[in-house]
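Engineer: Below is run.txt; it holds compact mmCIF, C-alpha atoms and all ligand atoms.
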```txt
# COMPACT_ATOMS: atom_id res chain seq x y z
CA MET A 1 12.11 -18.26 5.47
CA HIS A 2 12.08 -18.37 1.67
CA SER A 3 14.84 -20.89 0.96
CA ALA A 4 15.90 -19.14 -2.28
CA LEU A 5 16.55 -16.02 -0.28
CA ALA A 6 18.70 -17.78 2.29
CA ASP A 7 20.54 -19.61 -0.52
CA GLU A 8 21.23 -16.34 -2.33
CA TYR A 9 22.59 -14.77 0.85
CA ARG A 10 24.85 -17.75 1.51
CA ARG A 11 26.00 -17.72 -2.11
CA LEU A 12 27.02 -14.07 -1.75
CA CYS A 13 28.92 -14.92 1.43
CA ARG A 14 30.86 -17.62 -0.42
CA ASP A 15 31.31 -15.92 -3.78
CA ALA A 16 34.73 -14.27 -3.64
CA ALA A 17 33.95 -11.81 -6.48
CA ALA A 18 30.85 -10.53 -4.74
CA ARG A 19 32.47 -10.56 -1.30
CA GLN A 20 31.17 -7.66 0.60
CA PRO A 21 32.56 -7.30 4.10
CA LEU A 22 29.44 -5.60 5.42
CA ALA A 23 26.72 -8.12 6.20
CA TYR A 24 23.85 -5.65 5.80
CA LEU A 25 24.99 -4.75 2.28
CA ARG A 26 25.31 -8.44 1.44
CA LEU A 27 21.78 -9.11 2.65
CA ARG A 28 20.48 -6.06 0.80
CA ARG A 29 22.07 -7.36 -2.39
CA ALA A 30 20.69 -10.88 -1.85
CA ILE A 31 17.14 -9.55 -1.42
CA ARG A 32 17.49 -7.25 -4.43
CA ASN A 33 18.69 -10.20 -6.53
CA VAL A 34 15.74 -12.43 -5.66
CA VAL A 35 13.31 -9.58 -6.36
CA GLU A 36 14.98 -8.92 -9.74
CA GLN A 37 14.80 -12.62 -10.58
CA ARG A 38 11.15 -12.61 -9.51
CA VAL A 39 11.74 -15.45 -7.06
CA VAL A 40 9.74 -13.28 -4.69
CA GLU A 41 6.89 -11.52 -6.52
CA PRO A 42 5.50 -7.99 -6.03
CA GLY A 43 3.07 -8.00 -3.12
CA GLN A 44 4.64 -11.04 -1.47
CA THR A 45 5.65 -10.78 2.19
CA LEU A 46 9.27 -11.15 3.24
CA PRO A 47 10.31 -13.08 6.34
CA SER A 48 10.21 -11.16 9.60
CA GLU A 49 13.27 -9.45 10.99
CA ARG A 50 13.58 -12.14 13.62
CA ASP A 51 13.24 -14.92 11.05
CA PHE A 52 16.01 -13.40 8.91
CA ALA A 53 18.24 -12.93 11.94
CA GLN A 54 17.80 -16.50 13.19
CA THR A 55 18.16 -18.28 9.86
CA LEU A 56 21.12 -16.27 8.63
CA LYS A 57 22.77 -15.81 12.03
CA LEU A 58 22.74 -12.04 11.76
CA SER A 59 21.91 -9.41 14.33
CA ARG A 60 18.48 -7.79 14.06
CA VAL A 61 20.17 -4.42 13.67
CA THR A 62 21.90 -5.73 10.53
CA VAL A 63 18.64 -7.08 9.12
CA ARG A 64 16.80 -3.86 9.92
CA LYS A 65 19.48 -1.81 8.16
CA ALA A 66 19.32 -3.98 5.03
CA LEU A 67 15.51 -3.77 4.86
CA ALA A 68 15.48 -0.01 5.51
CA GLY A 69 17.89 0.53 2.60
CA LEU A 70 15.62 -1.36 0.23
CA VAL A 71 12.54 0.51 1.45
CA GLU A 72 14.37 3.74 0.65
CA GLU A 73 15.26 2.44 -2.82
CA GLY A 74 11.58 1.63 -3.40
CA VAL A 75 12.15 -2.13 -3.81
CA LEU A 76 10.27 -2.97 -0.58
CA THR A 77 7.43 -1.38 1.38
CA GLN A 78 6.66 -1.72 5.06
CA ARG A 79 3.27 -1.55 6.68
CA HIS A 80 3.14 -1.07 10.38
CA GLY A 81 2.20 -4.31 12.08
CA ALA A 82 1.89 -6.17 8.79
CA GLY A 83 5.55 -6.62 7.86
CA THR A 84 7.69 -6.05 4.79
CA PHE A 85 6.52 -6.65 1.22
CA VAL A 86 7.98 -6.49 -2.25
CA ALA A 87 6.64 -3.18 -3.60
CA GLU A 88 3.65 -3.50 -5.93
CA ARG A 89 3.49 0.02 -7.20
CA ILE A 90 6.59 1.35 -8.88
CA ILE A 91 8.18 3.52 -6.26
CA LYS A 92 10.60 5.95 -7.79
CA PRO A 93 13.04 7.67 -5.45
CA MET A 94 13.35 11.18 -6.82
CA SER A 95 16.88 11.89 -5.72
CA ARG A 96 18.44 9.30 -8.05
CA LEU A 97 18.86 10.00 -11.72
CA THR A 98 17.82 6.68 -13.22
CA SER A 99 16.13 5.67 -16.45
CA PHE A 100 12.75 4.03 -16.95
CA THR A 101 14.56 0.86 -18.05
CA GLU A 102 16.71 0.75 -14.91
CA ASP A 103 13.74 1.45 -12.61
CA LEU A 104 11.76 -1.42 -14.09
CA ARG A 105 14.62 -3.91 -14.26
CA ALA A 106 15.37 -3.25 -10.58
CA ARG A 107 11.87 -4.57 -9.87
CA GLY A 108 12.15 -7.63 -12.06
CA LEU A 109 9.90 -6.12 -14.74
CA ASP A 110 10.49 -6.19 -18.48
CA PRO A 111 10.77 -2.64 -19.95
CA ARG A 112 9.75 -2.08 -23.57
CA SER A 113 9.09 0.91 -25.82
CA GLU A 114 6.76 1.36 -28.77
CA PHE A 115 7.66 4.34 -30.91
CA PHE A 116 5.29 6.75 -32.67
CA GLU A 117 8.19 8.86 -33.76
CA ARG A 118 11.98 8.46 -33.81
CA GLY A 119 13.66 10.95 -36.12
CA ILE A 120 15.55 14.21 -36.60
CA GLY A 121 13.83 17.59 -36.80
CA GLU A 122 14.35 21.26 -36.10
CA VAL A 123 14.17 22.58 -32.55
CA THR A 124 10.93 24.47 -31.72
CA PRO A 125 11.13 27.90 -30.03
CA GLU A 126 9.90 26.39 -26.74
CA GLU A 127 12.48 23.60 -26.85
CA SER A 128 15.31 25.96 -27.75
CA MET A 129 14.49 28.03 -24.65
CA ALA A 130 14.25 24.96 -22.40
CA MET A 131 17.42 23.42 -23.78
CA ASN A 132 19.49 26.51 -24.31
CA LEU A 133 19.92 25.75 -28.02
CA SER A 134 20.19 28.22 -30.89
CA PRO A 135 17.08 28.51 -33.05
CA GLY A 136 17.06 26.16 -36.00
CA VAL A 137 19.50 23.51 -34.71
CA ALA A 138 18.76 19.84 -35.33
CA VAL A 139 17.32 17.67 -32.58
CA ALA A 140 16.46 13.99 -32.25
CA ARG A 141 12.86 13.35 -31.25
CA LEU A 142 11.48 10.25 -29.60
CA HIS A 143 7.81 9.78 -28.92
CA ARG A 144 6.90 6.47 -27.37
CA VAL A 145 4.71 4.43 -25.08
CA ARG A 146 6.66 2.75 -22.28
CA TYR A 147 5.58 -0.72 -21.17
CA ALA A 148 6.29 -3.26 -18.45
CA GLY A 149 5.76 -6.44 -20.44
CA ASN A 150 2.39 -5.83 -22.10
CA GLU A 151 1.20 -3.25 -19.64
CA PRO A 152 1.52 0.40 -20.72
CA LEU A 153 2.84 2.62 -17.90
CA ALA A 154 3.79 5.94 -19.48
CA ILE A 155 3.95 8.06 -22.60
CA GLU A 156 7.15 9.99 -23.21
CA ARG A 157 8.27 12.67 -25.61
CA SER A 158 12.04 13.27 -25.56
CA VAL A 159 14.14 15.82 -27.37
CA VAL A 160 17.93 15.41 -27.54
CA PRO A 161 20.37 17.70 -29.41
CA ALA A 162 21.35 15.91 -32.63
CA GLU A 163 25.01 16.64 -31.94
CA LEU A 164 24.69 14.23 -28.98
CA LEU A 165 22.42 11.70 -30.70
CA PRO A 166 22.79 12.02 -34.49
CA ASP A 167 21.01 8.72 -35.15
CA PRO A 168 17.87 8.25 -33.03
CA MET A 169 17.48 4.74 -34.46
CA LEU A 170 20.30 3.83 -32.07
CA VAL A 171 17.69 3.99 -29.31
CA ARG A 172 16.16 0.54 -29.06
CA ASP A 173 14.45 0.40 -25.70
CA SER A 174 16.58 2.73 -23.60
CA LEU A 175 17.53 6.31 -24.40
CA TYR A 176 20.02 6.40 -21.51
CA GLU A 177 21.75 3.26 -22.77
CA ALA A 178 22.17 4.83 -26.21
CA LEU A 179 23.49 8.05 -24.66
CA GLU A 180 25.83 6.14 -22.39
CA THR A 181 27.35 4.28 -25.36
CA ARG A 182 28.19 7.66 -26.87
CA GLY A 183 29.64 8.94 -23.57
CA PHE A 184 26.72 11.31 -22.93
CA ARG A 185 24.93 9.75 -19.96
CA PRO A 186 23.04 12.53 -18.11
CA ARG A 187 24.70 13.49 -14.82
CA ARG A 188 22.18 15.83 -13.23
CA ALA A 189 18.56 16.74 -13.87
CA LEU A 190 15.82 19.14 -12.94
CA GLN A 191 12.40 17.61 -12.74
CA ARG A 192 8.94 19.07 -12.38
CA LEU A 193 5.89 17.01 -11.44
CA ARG A 194 2.24 17.93 -11.87
CA ALA A 195 -0.95 15.99 -11.26
CA VAL A 196 -3.10 15.95 -14.42
CA PRO A 197 -6.21 14.18 -15.66
CA LEU A 198 -5.16 12.01 -18.63
CA SER A 199 -6.55 13.14 -21.97
CA ALA A 200 -8.81 10.74 -23.88
CA ARG A 201 -5.96 9.89 -26.27
CA HIS A 202 -3.38 9.29 -23.55
CA ALA A 203 -5.88 7.31 -21.47
CA ARG A 204 -6.61 5.07 -24.47
CA LEU A 205 -2.90 4.43 -25.06
CA LEU A 206 -2.40 3.67 -21.36
CA HIS A 207 -5.47 1.39 -21.16
CA VAL A 208 -7.21 3.40 -18.43
CA PRO A 209 -10.53 5.33 -18.45
CA ALA A 210 -10.39 8.88 -19.86
CA GLY A 211 -9.88 11.45 -17.13
CA SER A 212 -7.94 9.03 -14.89
CA ALA A 213 -5.28 10.58 -12.68
CA GLY A 214 -1.90 10.98 -14.31
CA LEU A 215 1.46 12.44 -13.40
CA ASN A 216 3.02 14.84 -15.81
CA VAL A 217 6.80 14.89 -15.37
CA GLU A 218 9.15 17.22 -17.16
CA ARG A 219 12.86 16.39 -16.96
CA ARG A 220 15.74 18.51 -18.16
CA ALA A 221 18.96 16.54 -17.83
CA PHE A 222 22.48 17.91 -18.11
CA LEU A 223 25.99 16.71 -18.90
CA ASP A 224 28.93 17.57 -16.67
CA ASP A 225 29.80 20.51 -18.92
CA GLY A 226 26.33 22.02 -18.42
CA ARG A 227 24.88 21.13 -21.84
CA VAL A 228 21.26 19.97 -21.78
CA VAL A 229 21.21 16.38 -22.98
CA GLU A 230 17.44 15.72 -22.86
CA PHE A 231 14.19 17.54 -22.47
CA THR A 232 11.52 14.95 -21.79
CA THR A 233 7.85 15.25 -20.98
CA SER A 234 6.21 12.13 -19.60
CA TRP A 235 2.68 11.19 -18.63
CA TYR A 236 2.70 8.38 -16.10
CA ARG A 237 -0.34 6.39 -15.03
CA GLY A 238 -1.22 7.67 -11.57
CA ASP A 239 -2.41 4.24 -10.45
CA VAL A 240 0.96 2.51 -10.76
CA TYR A 241 3.61 5.10 -9.97
CA ASP A 242 4.69 6.66 -6.67
CA PHE A 243 7.39 9.32 -6.66
CA VAL A 244 9.15 9.54 -3.33
CA ALA A 245 11.52 12.30 -2.25
CA GLU A 246 13.84 12.37 0.72
CA LEU A 247 13.81 15.75 2.46
CA HIS A 248 16.53 17.27 4.63
CA SER A 249 16.04 20.14 7.04
CA GLU A 250 18.88 22.13 5.51
C1 LIG A 301 12.55 8.31 -17.36
C2 LIG A 301 12.60 9.82 -17.44
C3 LIG A 301 12.92 10.34 -18.82
C4 LIG A 301 14.10 9.60 -19.42
C5 LIG A 301 13.85 8.12 -19.37
C6 LIG A 301 15.01 7.33 -19.93
O1 LIG A 301 11.36 7.82 -17.87
N1 LIG A 301 11.36 10.44 -16.97
O2 LIG A 301 13.21 11.71 -18.72
O3 LIG A 301 14.28 10.00 -20.76
O4 LIG A 301 13.65 7.71 -18.04
O5 LIG A 301 14.66 5.97 -19.88
P1 LIG A 301 15.18 4.92 -20.90
O6 LIG A 301 16.69 4.94 -20.84
O7 LIG A 301 14.60 3.64 -20.45
O8 LIG A 301 14.71 5.30 -22.27
```
Show how you would write the structure in this file as structure tokens.
Structural biologist:
Amino acid sequence: MHSALADEYRRLCRDAAARQPLAYLRLRRAIRNVVEQRVVEPGQTLPSERDFAQTLKLSRVTVRKALAGLVEEGVLTQRHGAGTFVAERIIKPMSRLTSFTEDLRARGLDPRSEFFERGIGEVTPEESMAMNLSPGVAVARLHRVRYAGNEPLAIERSVVPAELLPDPMLVRDSLYEALETRGFRPRRALQRLRAVPLSARHARLLHVPAGSAGLNVERRAFLDDGRVVEFTTSWYRGDVYDFVAELHSE
């Protein structure tokens, strides 16, 4: 058993502020914390269910529930017969509306943006259709490469109505953080995914060979009142991202 993991679990049991009556949620939190702090690195194996249960004096059902929750969140992966690992690829559950920054931080990675463009312009006819905006209105445009540390992962082009983001320079690394500060955090989104070969330019920016597999994602996000808050097109590197969706029969 990784002693830091056991220590973190015991700390959460003691810590009154973090007191969580349900043991499986406490364990889930403890594992998430050590992954975020990079005490356990991507690709590393976690202790077995039995090991967890014995060391922490928990039932195996509790341990199984905690691990299953983290697999669903994309923090861990399980291989039959081989155990549970900290996820190496970035596994993005599609049902949760999270930002690039949040997805990376949850995996202990360091999100960064490099901007090509961050300014105000006039909406294009295509954007005005997609965003339900009148022709000619002002929009903020962000065009950037998204990194984990020094590794480029995606290229994103975002358009936001200027009435919601009048000063795009407010966006440092995270668009959603800037929107949240102004009370305009997206609440719901429609997303479309397509497999694409990366163009020579995109491949160069993402440090992969031209023609490598990429994922083209288009997200239209909305506020509670139905206004479109962003229209973003992203090109993710196909070799580092997995998008996972949970499906229900009805
Ligand atoms: C993801 C989404 C984008 C969204 C972005 C916000 O990458 N595909 O549609 O704009 O997250 O991330 P951040 O707040 O880190 O800028």
Engineer: Show which residues sit within 10 Å of Leu27 (chain A), as a list in words. Count all atoms listed in the file, and ignore same-chain residues fewer than 4 positions away.
Structural biologist: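 Residues near the query, excluding close chain neighbours: Leu5, Ala6, Glu8, Tyr9, Arg10, Leu12, Cys13, Gln20, Leu22, Ala23, Ile31, Arg32, Asn33, Phe52, Leu56, Leu58, Thr62, Val63, Lys65, Ala66 and Leu67 of chain A.
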Engineer: Do you know which residues are within 9 Å of ligand LIG 301 (chain A) using all atoms listed in the file? Can you write them as a count of residues only?
Structural biologist: 41
Engineer: Distance CA of Asp225 (chain A)-CA of Met169 (chain A), one decimal place?
Structural biologist: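 Distance reported for this atom pair: 25.3 Å.
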Engineer: Please, what distance in Å, to one decimal, runs between CA of Glu72 (chain A) and CA of Arg89 (chain A)?
Structural biologist: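 Atom-to-atom, CA of Glu72 (chain A) and CA of Arg89 (chain A) are spaced 13.9 Å apart.
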Engineer: Report, in Å with one decimal, the straight-line distance from CA of Ala213 (chain A) to CA of Ala200 (chain A).
Structural biologist: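 Rounded to one decimal, the two atoms are 11.7 Å apart.
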Engineer: Quick one: of A:Gly211, A:Pro135, A:Pro42, A:Gly226, who's nearest to Thr84 (chain A), counting only C-alpha atoms?
Structural biologist: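 Smallest separation from Thr84 (chain A) among the options: A:Pro42.
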Engineer: I'd like the neighbourhood of Glu88 (chain A) as a PyMOL selection string, where a residue qualifies if any of its atoms comes within 9 Å (using all atoms listed in the file), though same-chain residues fewer than 6 positions away should be ignored.
Structural biologist: chain A and resi 41-44+75-77+240
Engineer: Counting only C-alpha atoms, figure out which residue out of A:Arg204, A:Arg79, A:Arg185, A:Arg227 gets nearest to Leu153 (chain A).
Structural biologist: A:Arg204
Engineer: Arg118 (chain A): which residues within 6 Å, counting all atoms listed in the file, same-chain residues fewer than 6 positions away excluded, as an MDAnalysis selection string?
Structural biologist: chainID A and resid 141:142 168
Engineer: Quick one: what's the axis-aligned box for region 119-133 of chain A, all listed atoms, 3 Å on every side, centre and edges in Å to one decimal, as lines of an AutoDock Vina configuration file?
Structural biologist:
```
center_x = 14.9
center_y = 19.5
center_z = -29.6
size_x = 16.0
size_y = 23.1
size_z = 20.4
```
Engineer: Using all atoms listed in the file, find the one residue out of A:Ser134, A:Ser95, A:Gln37, A:Ser212 that sits nearest to Arg188 (chain A).
Structural biologist: A:Ser95
Engineer: For Val208 (chain A), which residue among A:Arg194, A:Gln54, A:Ala140, A:Gly238 is the nearest when counting all atoms listed in the file?
Structural biologist: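 When distances to Val208 (chain A) are compared using all atoms listed in the file, the smallest one comes from A:Gly238.
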Engineer: Of the candidates A:Val39, A:Leu46, A:Leu133, A:Ala148, which shows the shortest atom-to-atom distance to Val160 (chain A), using all atoms listed in the file?
Structural biologist: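 Checking each candidate against Val160 (chain A), we get A:Leu133 as the closest.
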Engineer: Measuring between only C-alpha atoms, which one of A:Arg187, A:Arg14, A:Arg28, A:His248 shows the shortest distance to Val229 (chain A)?
Structural biologist: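 Once distances to Val229 (chain A) are computed over only C-alpha atoms, the minimum belongs to A:Arg187.
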